[in-house]
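Each remark here refers to the structure printed beneath this line.
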Amino acid sequence: MTHPAIKNLTPAFSGKVAFITGAAQGFGRNFAEAIVAAGGRAVICDIDLDAARATAAAIAAGNERAIAVRADVADEGTVDAAVADVVQQWGGIDILINNAGRHLTKYNQPFAKLSRTDIREMMDVNFMGVVNCTLACRDSMRARGGGVIINIASIAGYLSSTPYGVSKLAVRGLTIAFAGELAADNIRVNAIAPGLMGTEAALAELPEEFVTKFRDELQLVHRLGKMEDITATVLYLCSDAASFITGETLKVSGGYPLGI
Ligand SMILES: NC(=O)c1ccc[n+]([C@@H]2O[C@H](COP(=O)([O-])OP(=O)(O)OC[C@H]3O[C@@H](n4cnc5c(N)ncnc54)[C@H](O)[C@@H]3O)[C@@H](O)[C@H]2O)c1
């Protein structure tokens with residue numbers, strides 16, 4: 001007989017619908033690919049509909065288990081319409097991954113270097129985006145007997161030293177607040193805080209000395225983070241093995257920063 005802990009670790013995605021924001025590229029796309037490979041269905045939600053369509057077509061080739069929808073997560077009207085569209089096409093939503101976020105070097109500067117408009121626009125995506133998508137998906141998840149929400153935070157939310165960091169600290173706060181608010185609907189809410197990821201985009205944007213110091217001195221595990229490290233954590237948090245975990249933010253960062 002399979003040990004229950006091993007059985008629970010195997011993600012049971014068959015028939016499950018995952019709504020993933022910012023999924024046309026990067027982390028979101030990787031999550032969608034893994035969920036479809038595990039037997040689930042993925043909604044590629046993005047502000048860029050053409051890119052979302054191209055990604056959905058690539059993932060759905062031969063299985064029809066990925067569709068594209070357009071929404072700007074900062075705009076509740078477009079989010080509500082996208083969720084209604086998915087409920088109409090696929091009957092409901094079981095998993096929401098709040099992944100879309102503004103994270104350029106620009107938002108990692110002191111507040112005084114940015115305009116108020118820039119700060120407000122970033123908070124509208126990184127903070128209000130999570131609020132808008134969570135509230136829009138709640139009824140459908142409740143109607144299906146529960147669900148899982150995963151918010152993509154950042155280790156910058158532990159340092160909280162820039163506008164971006166503060167926005168990701170707020171994502172950790174939302175994770176706690178919504179875990180409490182949605183518990184009665186059998187919806188678990190957790191977050192993942194990725195560390196420095198060795199993606200092409202990150203490596204192109206960051207000075208080489210910064211990356212080397214981070215990897216060899218600040219991290220306890222001396223290798224660059226990979227997309228699969230984050231995707232594996234998404235699969236775990238969606239699985240029954242994580243059914244006793246809610247309101248948590250899990251750092252996936254090679255051990256930096258440690259703290260209580
Ligand atoms: N890349 C990293 O190293 C890293 C580290 C820690 C945390 N994160 C977080 O992970 C998440 C994804 O990062 P990524 O590197 O994959 O990003 P990315 O920039 O590669 O992709 C983001 C996607 O989101 C879409 N998007 C942007 N604004 C949107 C909006 N308002 N509504 C809907 N879609 C929108 C974009 O079109 C794009 O397809 C972000 O929340 C980011 O803060 C990334």
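Chain labels A, B, ... are given in the sequence in which chains occur in the structure tokens; within each chain residues are numbered consecutively from 1, and ligands are likewise numbered from 1 in the order shown.
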Might you pull out every residue within 12 Å of range 215-232 of chain A, with only C-alpha atoms counted and same-chain residues fewer than 6 positions away left off, and present them as a PyMOL selection string?
chain A and resi 9-11+25-35+38+97+99+150-155+191-203+208-209+238-239+250-258
Excluding Ile20 in chain A and its own-chain neighbours fewer than 6 positions away, which residues fall within 12 Å of it when counting only C-alpha atoms? Please give them as a PyMOL selection string.
chain A and resi 26-36+41-47+52+56+66-71+73+79+82-83+86+93-101+130+133-134+137+148-152+234
As a ChimeraX atom specification, please: the residues near Tyr164 in chain A (cut-off 12 Å, only C-alpha atoms, same-chain neighbours under 4 positions excluded).
/A:101-111,114,118-127,153-160,168-171
If you keep N, CA, C and O atoms, can you produce a file of those selected residues as a short mmCIF file (atom, residue, chain, number, x, y, z; two decimals), in the first residue's frame?
```
data_model
loop_
_atom_site.label_atom_id
_atom_site.label_comp_id
_atom_site.auth_asym_id
_atom_site.auth_seq_id
_atom_site.Cartn_x
_atom_site.Cartn_y
_atom_site.Cartn_z
N GLY A 101 3.00 40.72 -11.60
CA GLY A 101 3.57 41.74 -10.72
C GLY A 101 4.53 42.63 -11.46
O GLY A 101 5.14 42.23 -12.45
N ARG A 102 4.66 43.87 -10.98
CA ARG A 102 5.67 44.80 -11.49
C ARG A 102 6.92 44.57 -10.65
O ARG A 102 6.86 44.69 -9.43
N HIS A 103 8.04 44.28 -11.28
CA HIS A 103 9.22 43.95 -10.48
C HIS A 103 10.52 44.43 -11.10
O HIS A 103 11.59 43.90 -10.81
N LEU A 104 10.47 45.42 -11.95
CA LEU A 104 11.70 45.90 -12.59
C LEU A 104 12.62 46.58 -11.58
O LEU A 104 12.18 47.00 -10.50
N THR A 105 13.88 46.71 -11.95
CA THR A 105 14.87 47.40 -11.10
C THR A 105 14.33 48.76 -10.68
O THR A 105 14.59 49.23 -9.58
N LYS A 106 13.56 49.36 -11.59
CA LYS A 106 12.96 50.68 -11.33
C LYS A 106 12.24 50.75 -9.97
O LYS A 106 12.35 51.73 -9.25
N TYR A 107 11.52 49.70 -9.61
CA TYR A 107 10.72 49.73 -8.38
C TYR A 107 11.55 49.33 -7.16
O TYR A 107 11.03 49.27 -6.05
N ASN A 108 12.82 49.01 -7.38
CA ASN A 108 13.72 48.66 -6.28
C ASN A 108 14.65 49.81 -5.91
O ASN A 108 15.74 49.61 -5.42
N GLN A 109 14.20 51.03 -6.19
CA GLN A 109 14.95 52.23 -5.82
C GLN A 109 14.26 52.89 -4.62
O GLN A 109 13.13 52.54 -4.30
N PRO A 110 14.93 53.87 -3.98
CA PRO A 110 14.26 54.60 -2.90
C PRO A 110 12.95 55.24 -3.39
O PRO A 110 12.84 55.59 -4.57
N PHE A 111 12.00 55.39 -2.49
CA PHE A 111 10.71 56.01 -2.83
C PHE A 111 10.91 57.37 -3.53
O PHE A 111 10.21 57.69 -4.48
N LEU A 114 11.17 57.70 -7.33
CA LEU A 114 10.02 57.36 -8.19
C LEU A 114 8.95 58.44 -8.07
O LEU A 114 8.83 59.09 -7.04
N ASP A 118 4.15 56.37 -10.39
CA ASP A 118 4.82 55.07 -10.52
C ASP A 118 4.53 54.18 -9.31
O ASP A 118 4.25 52.99 -9.46
N ILE A 119 4.63 54.76 -8.12
CA ILE A 119 4.41 53.98 -6.89
C ILE A 119 2.97 53.47 -6.85
O ILE A 119 2.71 52.29 -6.57
N ARG A 120 2.03 54.37 -7.17
CA ARG A 120 0.62 53.99 -7.12
C ARG A 120 0.32 52.89 -8.14
O ARG A 120 -0.38 51.92 -7.85
N GLU A 121 0.89 53.03 -9.35
CA GLU A 121 0.63 52.02 -10.40
C GLU A 121 1.18 50.65 -9.99
O GLU A 121 0.56 49.63 -10.23
N MET A 122 2.37 50.65 -9.36
CA MET A 122 2.95 49.37 -8.92
C MET A 122 2.09 48.74 -7.84
O MET A 122 1.81 47.55 -7.86
N MET A 123 1.63 49.57 -6.87
CA MET A 123 0.79 49.02 -5.80
C MET A 123 -0.55 48.53 -6.36
O MET A 123 -1.10 47.55 -5.86
N ASP A 124 -1.05 49.21 -7.38
CA ASP A 124 -2.31 48.77 -8.00
C ASP A 124 -2.18 47.37 -8.59
O ASP A 124 -3.12 46.59 -8.57
N VAL A 125 -1.00 47.05 -9.14
CA VAL A 125 -0.79 45.70 -9.71
C VAL A 125 -0.42 44.72 -8.59
O VAL A 125 -1.07 43.69 -8.41
N ASN A 126 0.63 45.05 -7.81
CA ASN A 126 1.18 44.08 -6.85
C ASN A 126 0.27 43.84 -5.65
O ASN A 126 0.24 42.73 -5.11
N PHE A 127 -0.45 44.87 -5.21
CA PHE A 127 -1.34 44.73 -4.04
C PHE A 127 -2.80 44.57 -4.47
O PHE A 127 -3.42 43.53 -4.23
N ALA A 153 5.01 36.26 -3.74
CA ALA A 153 5.61 37.39 -3.03
C ALA A 153 7.06 37.50 -3.48
O ALA A 153 7.37 37.32 -4.67
N SER A 154 7.99 37.76 -2.57
CA SER A 154 9.42 37.86 -2.90
C SER A 154 10.19 37.98 -1.59
O SER A 154 9.65 38.49 -0.60
N ILE A 155 11.47 37.59 -1.61
CA ILE A 155 12.26 37.83 -0.40
C ILE A 155 12.44 39.33 -0.16
O ILE A 155 12.74 39.75 0.94
N ALA A 156 12.22 40.13 -1.22
CA ALA A 156 12.26 41.59 -1.02
C ALA A 156 11.23 42.01 0.02
O ALA A 156 11.39 43.04 0.68
N GLY A 157 10.19 41.22 0.20
CA GLY A 157 9.15 41.50 1.19
C GLY A 157 9.62 41.23 2.61
O GLY A 157 8.91 41.56 3.57
N TYR A 158 10.77 40.61 2.79
CA TYR A 158 11.36 40.43 4.13
C TYR A 158 12.30 41.58 4.46
O TYR A 158 12.46 41.96 5.59
N LEU A 159 12.93 42.13 3.41
CA LEU A 159 13.85 43.24 3.62
C LEU A 159 13.05 44.55 3.70
O LEU A 159 13.35 45.43 4.48
N SER A 160 12.00 44.64 2.86
CA SER A 160 11.07 45.78 2.86
C SER A 160 11.79 47.12 2.81
O SER A 160 11.45 48.05 3.53
N LYS A 168 5.59 43.67 -1.64
CA LYS A 168 5.62 42.21 -1.43
C LYS A 168 5.43 41.87 0.06
O LYS A 168 4.94 40.79 0.38
N LEU A 169 5.80 42.80 0.96
CA LEU A 169 5.44 42.62 2.38
C LEU A 169 3.92 42.64 2.50
O LEU A 169 3.32 41.85 3.23
N ALA A 170 3.30 43.54 1.73
CA ALA A 170 1.83 43.62 1.74
C ALA A 170 1.20 42.33 1.20
O ALA A 170 0.15 41.91 1.67
N VAL A 171 1.87 41.70 0.25
CA VAL A 171 1.34 40.42 -0.28
C VAL A 171 1.36 39.36 0.83
O VAL A 171 0.44 38.55 0.96
#
```
Using DSSP on the backbone coordinates, identify the residues of range 130-162 of chain A assigned to strand (DSSP E or B); present them as a PyMOL selection string.
chain A and resi 147-152
Residues from last step as file, all heavy atoms, as an mmCIF file, in the first residue's frame:
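What ended up in again_13.cif:
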```cif
data_model
loop_
_atom_site.group_PDB
_atom_site.id
_atom_site.type_symbol
_atom_site.label_atom_id
_atom_site.label_comp_id
_atom_site.auth_asym_id
_atom_site.auth_seq_id
_atom_site.Cartn_x
_atom_site.Cartn_y
_atom_site.Cartn_z
ATOM 1 N N GLY A 147 -10.865 25.480 -2.503
ATOM 2 C CA GLY A 147 -9.807 25.699 -3.490
ATOM 3 C C GLY A 147 -8.498 26.085 -2.836
ATOM 4 O O GLY A 147 -8.349 26.030 -1.609
ATOM 5 N N VAL A 148 -7.567 26.457 -3.696
ATOM 6 C CA VAL A 148 -6.223 26.828 -3.249
ATOM 7 C C VAL A 148 -5.838 28.141 -3.925
ATOM 8 O O VAL A 148 -6.016 28.293 -5.138
ATOM 9 C CB VAL A 148 -5.195 25.736 -3.650
ATOM 10 C CG1 VAL A 148 -3.776 26.192 -3.341
ATOM 11 C CG2 VAL A 148 -5.493 24.416 -2.945
ATOM 12 N N ILE A 149 -5.315 29.070 -3.126
ATOM 13 C CA ILE A 149 -4.785 30.321 -3.688
ATOM 14 C C ILE A 149 -3.304 30.412 -3.322
ATOM 15 O O ILE A 149 -2.931 30.149 -2.169
ATOM 16 C CB ILE A 149 -5.550 31.550 -3.149
ATOM 17 C CG1 ILE A 149 -7.026 31.480 -3.591
ATOM 18 C CG2 ILE A 149 -4.898 32.860 -3.634
ATOM 19 C CD1 ILE A 149 -7.906 32.608 -3.067
ATOM 20 N N ILE A 150 -2.490 30.753 -4.306
ATOM 21 C CA ILE A 150 -1.055 30.942 -4.056
ATOM 22 C C ILE A 150 -0.666 32.334 -4.559
ATOM 23 O O ILE A 150 -0.914 32.679 -5.722
ATOM 24 C CB ILE A 150 -0.215 29.861 -4.774
ATOM 25 C CG1 ILE A 150 -0.600 28.476 -4.226
ATOM 26 C CG2 ILE A 150 1.284 30.131 -4.568
ATOM 27 C CD1 ILE A 150 0.051 27.326 -4.955
ATOM 28 N N ASN A 151 -0.102 33.123 -3.661
ATOM 29 C CA ASN A 151 0.357 34.474 -4.018
ATOM 30 C C ASN A 151 1.870 34.448 -4.206
ATOM 31 O O ASN A 151 2.586 33.875 -3.381
ATOM 32 C CB ASN A 151 0.006 35.458 -2.898
ATOM 33 C CG ASN A 151 -1.498 35.523 -2.642
ATOM 34 O OD1 ASN A 151 -2.292 35.413 -3.585
ATOM 35 N ND2 ASN A 151 -1.883 35.687 -1.391
ATOM 36 N N ILE A 152 2.341 35.076 -5.263
ATOM 37 C CA ILE A 152 3.793 35.126 -5.475
ATOM 38 C C ILE A 152 4.324 36.428 -4.863
ATOM 39 O O ILE A 152 4.088 37.523 -5.385
ATOM 40 C CB ILE A 152 4.163 35.000 -6.973
ATOM 41 C CG1 ILE A 152 3.555 33.711 -7.561
ATOM 42 C CG2 ILE A 152 5.693 34.999 -7.132
ATOM 43 C CD1 ILE A 152 3.975 32.403 -6.881
#
```
